[in-house]
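J.: I have a structure here, written as structure tokens, and I will follow up with some questions on it.
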Amino acid sequence: MAGSTLLLASVGIAVSAEPAVAAPTLTQVSNFGSNPGGLNMYSYLPTNLAAKPAVVLALHGCTQSANDYYADSGWSKYADLYGFAVVYAEQPSGTGLTAKCFDWGDTSNDTRGNGQALSVYQMVQYAEAHYNADPARVFITGLSAGGGMTADLLADYPDVFAAGAIDSGPPAQCTTAGITDSNCTSNNSNTKTPQQWGDLVRASNPGYTGPWPRVQVWNGAADYLVKPVAMDESRDQWTNVWGISQTPSSTTTLTGSTAESIYNDSTGKPAVETFSIPNMGHGLAVHPGSAIDNCGTTGAYFLDYICSSYYSMKFFGLDSQSQTPLPAPTGLSVTGTTDNSASLSWNAVSGAASYNVYRGGTKVNTAAVTATSFTDTGLAAGTSYSYTVAAVDGSGNVGSQSGAVTATTSGTPSQLPAPTGLSVTGTTSSSVTLGWNAVSGAASYNVYRGGTKVNGAPVTSASYTDTGLTSGTSYSYTVAAVDSAGTVGAQSATVTGTPSAPLPNCFTTDNVSQNLAGRSYFFYGGDSYAIGSNQDMGKYSSTVISSLQQTSPGYWIVVPHC
């Protein structure tokens, strides 16, 4: 709901030292389960990923994407520091008020074993199977609609999630009338007792008698979309579930005058925490900077007050993984190649129990490498591969990666054919969407604009949207298939895409300015409405941005963008 409309020539060996290891990226994961909720799964795995890492599920708000949450929320910073995995779930569908919203108000999507809730659980199962994630350290956090789904999932799967953080979202199972039910958001008033709120959680998984998740709740005191009372409701709900008092065990004032209240369990450990942020509207609290408790990037619904992800990370206990890593192995070299293999060796690291070998940033050894040599097989002929090595201690903690070397296999490389059917399937004023026919044997695709690759992460589907373009300007595109070894095939024929011109008579600004310009009207303490069409633009506020287009004299409509 984050929106008011609302990844060696002569002997066949080529070796070259490279100064740095490629940074990890956000990577889309396909086929993670039956996925009844139609969600997308993206993973961020730091280079120092622990042998049995914790995993954090992160859910974005309405109108946002997994990449938005990855780029702005700050979670990747702490994954890099402490070696845990982050899985970003993405809800890609919907229009208007429900665009890209997790469906926290419909039993077909927000209950155990159903729809989107089951899709998120399948992401957890994938992480446990493929990243060796620790089942005892699975956590979840989300903003707005993602916060509402976080609350529901904590209730649905208390046996899966050890703790969660609800950011600017409604309490668990607040409604079955859909996410547009304003009684849980902008028109919310607390009409239930703590017992009644707690009963909604208990009813989500009848018969469950195990330990309950620990819960952290964040809300802006000036939130106009999910009223601050929602935080009180979540506090009442989870303290009741835990059987503890609604009176805090302690209170503290943090950065940005944030009021922290802690509710301890019977052992004196925090079970529920709330954070009220004065003057903050609707969004996720971030606080850019270089200090340990600074994080994130400011933007739409990422508001500069305090780094909430830092405090959630500590609440989850993820900083306890911190320790001095083993040093990077030295002397990494290529000792031989064939048409389909490359052999490596390096100097031993004191304290190492084993080693990990990485090809292009991805670990290739499936079993522990206890020697200081390794042969990578199943490679493509005549192809160059980049390798690094890291030491692993007896506890499974992965040390720093070595400098990289490049090995080129002997023989003549085979090449995937050029994709066919490349076409422009859609444009906006700042983007071009492409589609093409899948190539057999392709693991991913590269997209080129004017001869330069534009995709940062691998494109695993046969479509791509290029953004940040200039309207009315023509761009040429080609596509090439990439095999599982990273060999890039022939490029397709070229197509030209031209972003559409901006809408005429269209203005994007805040709702106060829209009113002053005579394009909208408002009710005091309420929302703004477009003159003529009477369409709701969201709260009358200088922090809420909208786009209005005049379609005839005196008649304005709400549009997604100009």
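Residue numbering restarts at 1 for every chain of the structure tokens, chains are lettered A, B, ... in their displayed order, and ligands are numbered from 1 as they appear.
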Give me, as a list in words, all polymer residues having an atom no more than 9 Å from A:Ile262, counting only C-alpha atoms and skipping those fewer than 6 positions away in the same chain.
T.: Thr247, Pro248, Ser249, Ser250, Thr251, Thr252, Pro270, Ala271, Val272, Glu273 and Thr274 of chain A
J.: Distance table requested - stretch 177-294 of chain A against stretch 130-144 of chain A, cut-off 8 Å, only C-alpha atoms: one row per qualifying residue with the closest atom pair and its distance in Å to one decimal, ordered by chain and rising residue number, as a tab-separated table.
T.:
```
residue	atom	partner	partner_atom	distance
A:Val226	CA	A:Ser144	CA	7.7
A:Gly283	CA	A:Leu143	CA	7.0
A:Leu284	CA	A:Leu143	CA	6.3
```
J.: For the residues in that selection, give me C-alpha atoms as an mmCIF file, in the first residue's frame.
T.:
```cif
data_model
loop_
_atom_site.group_PDB
_atom_site.id
_atom_site.type_symbol
_atom_site.label_atom_id
_atom_site.label_comp_id
_atom_site.auth_asym_id
_atom_site.auth_seq_id
_atom_site.Cartn_x
_atom_site.Cartn_y
_atom_site.Cartn_z
ATOM 1 C CA VAL A 226 -2.279 3.494 7.850
ATOM 2 C CA GLY A 283 6.567 4.773 4.462
ATOM 3 C CA LEU A 284 9.642 2.906 5.652
#
```
J.: Leaving out stretch 487-490 of chain A and any residue of its chain fewer than 3 positions from it, which residues lie within 8 Å of it when counting only C-alpha atoms, given as number ranges by chain?
T.: A: 380, 383, 415-419, 446, 480-484
J.: Next, write the just-selected residues to a file, as a CSV table (one decimal), in the first residue's frame, keeping all heavy atoms as the atom set.
T.:
```
chain,number,residue,atom,x,y,z
A,380,ALA,N,32.4,-25.0,-21.0
A,380,ALA,CA,32.3,-24.9,-22.5
A,380,ALA,C,33.7,-24.7,-23.1
A,380,ALA,O,34.6,-24.0,-22.5
A,380,ALA,CB,31.4,-23.7,-22.9
A,383,THR,N,36.2,-20.9,-23.8
A,383,THR,CA,35.5,-19.9,-23.1
A,383,THR,C,36.3,-19.5,-21.8
A,383,THR,O,37.0,-20.3,-21.2
A,383,THR,CB,34.1,-20.5,-22.6
A,383,THR,OG1,33.4,-20.9,-23.8
A,383,THR,CG2,33.3,-19.4,-21.8
A,415,GLN,N,28.2,-21.7,-29.8
A,415,GLN,CA,27.5,-20.5,-29.5
A,415,GLN,C,26.0,-20.7,-29.7
A,415,GLN,O,25.6,-21.3,-30.7
A,415,GLN,CB,28.0,-19.4,-30.5
A,415,GLN,CG,27.5,-18.0,-30.1
A,415,GLN,CD,28.0,-16.9,-31.1
A,415,GLN,OE1,27.9,-17.1,-32.3
A,415,GLN,NE2,28.7,-15.9,-30.5
A,416,LEU,N,25.2,-20.2,-28.8
A,416,LEU,CA,23.8,-20.3,-28.9
A,416,LEU,C,23.3,-19.4,-30.1
A,416,LEU,O,23.9,-18.3,-30.4
A,416,LEU,CB,23.1,-19.8,-27.7
A,416,LEU,CG,23.2,-20.7,-26.4
A,416,LEU,CD1,22.6,-20.0,-25.2
A,416,LEU,CD2,22.5,-22.0,-26.7
A,417,PRO,N,22.3,-19.8,-30.8
A,417,PRO,CA,21.8,-19.0,-31.9
A,417,PRO,C,21.2,-17.7,-31.4
A,417,PRO,O,20.8,-17.5,-30.3
A,417,PRO,CB,20.7,-19.9,-32.6
A,417,PRO,CG,20.2,-20.7,-31.5
A,417,PRO,CD,21.4,-21.0,-30.6
A,418,ALA,N,21.0,-16.8,-32.4
A,418,ALA,CA,20.4,-15.5,-32.0
A,418,ALA,C,18.9,-15.7,-31.8
A,418,ALA,O,18.2,-16.4,-32.5
A,418,ALA,CB,20.6,-14.5,-33.2
A,419,PRO,N,18.4,-15.0,-30.8
A,419,PRO,CA,16.9,-15.0,-30.5
A,419,PRO,C,16.2,-14.5,-31.7
A,419,PRO,O,16.6,-13.5,-32.4
A,419,PRO,CB,16.7,-14.1,-29.3
A,419,PRO,CG,18.1,-14.1,-28.6
A,419,PRO,CD,19.1,-14.2,-29.7
A,446,ASN,N,21.0,-11.3,-22.5
A,446,ASN,CA,21.5,-10.0,-22.4
A,446,ASN,C,20.7,-9.1,-23.4
A,446,ASN,O,20.4,-9.5,-24.5
A,446,ASN,CB,23.0,-9.9,-22.8
A,446,ASN,CG,23.9,-10.5,-21.7
A,446,ASN,OD1,23.5,-10.7,-20.6
A,446,ASN,ND2,25.2,-10.8,-22.1
A,480,ALA,N,20.7,-11.2,-26.9
A,480,ALA,CA,21.6,-12.4,-27.1
A,480,ALA,C,21.3,-13.4,-26.0
A,480,ALA,O,21.1,-13.0,-24.8
A,480,ALA,CB,23.0,-12.0,-27.2
A,481,ALA,N,21.3,-14.7,-26.3
A,481,ALA,CA,21.1,-15.7,-25.3
A,481,ALA,C,22.4,-16.0,-24.6
A,481,ALA,O,23.5,-15.9,-25.2
A,481,ALA,CB,20.5,-17.0,-26.0
A,482,VAL,N,22.4,-16.4,-23.4
A,482,VAL,CA,23.6,-16.7,-22.6
A,482,VAL,C,23.4,-18.1,-22.0
A,482,VAL,O,22.3,-18.4,-21.4
A,482,VAL,CB,23.8,-15.7,-21.4
A,482,VAL,CG1,25.0,-16.1,-20.6
A,482,VAL,CG2,23.8,-14.3,-21.9
A,483,ASP,N,24.4,-19.0,-22.2
A,483,ASP,CA,24.2,-20.4,-21.7
A,483,ASP,C,24.6,-20.5,-20.2
A,483,ASP,O,25.0,-19.5,-19.6
A,483,ASP,CB,25.0,-21.4,-22.6
A,483,ASP,CG,26.5,-21.2,-22.5
A,483,ASP,OD1,27.0,-20.6,-21.5
A,483,ASP,OD2,27.2,-21.7,-23.4
A,484,SER,N,24.5,-21.6,-19.7
A,484,SER,CA,24.7,-21.8,-18.2
A,484,SER,C,26.1,-21.6,-17.8
A,484,SER,O,26.5,-21.3,-16.7
A,484,SER,CB,24.3,-23.2,-17.8
A,484,SER,OG,25.0,-24.2,-18.5
```
J.: Which residue, A:Ala501, A:Val392, A:Ala155, A:Ala381, has the smallest gap to A:Thr412 when you use only C-alpha atoms?
T.: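 Result for the nearest residue to A:Thr412: A:Ala381.
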J.: Counting only C-alpha atoms, figure out which residue out of A:Pro278, A:Gly210, A:Gly331, A:Pro553 gets nearest to A:Ala222.
T.: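 Smallest distance to A:Ala222 is found for A:Pro278.
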J.: Select from stretch 464-528 of chain A every residue with an atom at most 9 Å from any atom of stretch 447-451 of chain A, then for each give the shortest pair of atoms and their distance in Å to one decimal, using only C-alpha atoms, rows by chain and rising number, as a Markdown table.
T.:
```
| residue | atom | partner | partner_atom | distance |
| --- | --- | --- | --- | --- |
| A:Tyr464 | CA | A:Val447 | CA | 7.8 |
| A:Asp466 | CA | A:Arg449 | CA | 8.8 |
| A:Tyr475 | CA | A:Arg449 | CA | 6.7 |
| A:Ser476 | CA | A:Gly450 | CA | 5.4 |
| A:Tyr477 | CA | A:Arg449 | CA | 4.7 |
| A:Thr478 | CA | A:Tyr448 | CA | 5.2 |
| A:Val479 | CA | A:Val447 | CA | 4.6 |
| A:Ala480 | CA | A:Val447 | CA | 6.7 |
| A:Gln491 | CA | A:Tyr448 | CA | 8.9 |
```
J.: Just the residues within 8 Å of A:Asp103, please, counting only C-alpha atoms, with nothing from its chain fewer than 2 positions along; format it as a list in words.
T.: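 Counting only the stated atoms, we get Cys101, Gly105, Asp106, Asn109, Asp110, Gln116, Ala145, Met149, Gly178 and Ile179 of chain A.
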J.: Take the residues that were just selected and, keeping C-alpha atoms, output them as a CSV table (one decimal), in the first residue's frame.
T.:
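Saved as part-v1.csv:
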```
chain,number,residue,atom,x,y,z
A,101,CYS,CA,-0.1,-4.8,-3.6
A,105,GLY,CA,-7.3,-8.8,3.2
A,106,ASP,CA,-8.4,-11.8,1.3
A,109,ASN,CA,-4.2,-15.1,-0.5
A,110,ASP,CA,-3.4,-14.4,3.2
A,116,GLN,CA,0.3,-15.5,-1.9
A,145,ALA,CA,0.7,-3.9,2.1
A,149,MET,CA,1.0,-9.6,4.6
A,178,GLY,CA,-10.0,-6.9,0.8
A,179,ILE,CA,-7.1,-4.5,1.1
```
J.: Atom CA of A:Asp199 to atom CA of A:Gln122: how many Å, to one decimal?
T.: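 Going from atom CA of A:Asp199 over to atom CA of A:Gln122 covers 26.1 Å.
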J.: Could you state the separation of atom CA of A:Val398 and atom CA of A:Thr337 in Å, given to one decimal place?
T.: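 These two atoms are separated by 27.0 Å.
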J.: Running DSSP on the backbone, which parts of stretch 317-462 of chain A land in strand (DSSP E), as an NGL selection string?
T.: :A and (333-337 or 341-345 or 354-359 or 362-363 or 373-377 or 384-392 or 398-401 or 405-408 or 423-427 or 432-435 or 444-449 or 452-453)
J.: I need the residue nearest A:Thr498 from this list: A:Thr543, A:Ser444, A:Ser276, A:Ser474. Use only C-alpha atoms for the distance.
T.: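 Closest to A:Thr498 of all the choices is A:Ser474.
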J.: Hey, which of A:Tyr42, A:Trp238, A:Tyr301, A:Trp556 ends up closest to A:Ala127? Count only C-alpha atoms.
T.: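 The answer is A:Tyr42, which sits nearest to A:Ala127.
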J.: Quick one, how far is atom CA of A:Val459 from atom CA of A:Ser440?
T.: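 Spanning atom CA of A:Val459 to atom CA of A:Ser440 is a straight-line distance of 14.8 Å.
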J.: Of the candidates A:Ser541, A:Arg359, A:Ser257, A:Cys506, which shows the shortest atom-to-atom distance to A:Phe522, using only C-alpha atoms?
T.: A:Ser541
J.: Pick out the closest residue to A:Leu154 from this set: A:Asn188, A:Ser182, A:Ser386, A:Ser234. Count only C-alpha atoms.
T.: A:Ser234
J.: Give me the residues within 12 Å of A:Ala367 as number ranges by chain, counting only C-alpha atoms and dropping any in the same chain fewer than 5 places off.
T.: A: 51, 354-357, 374
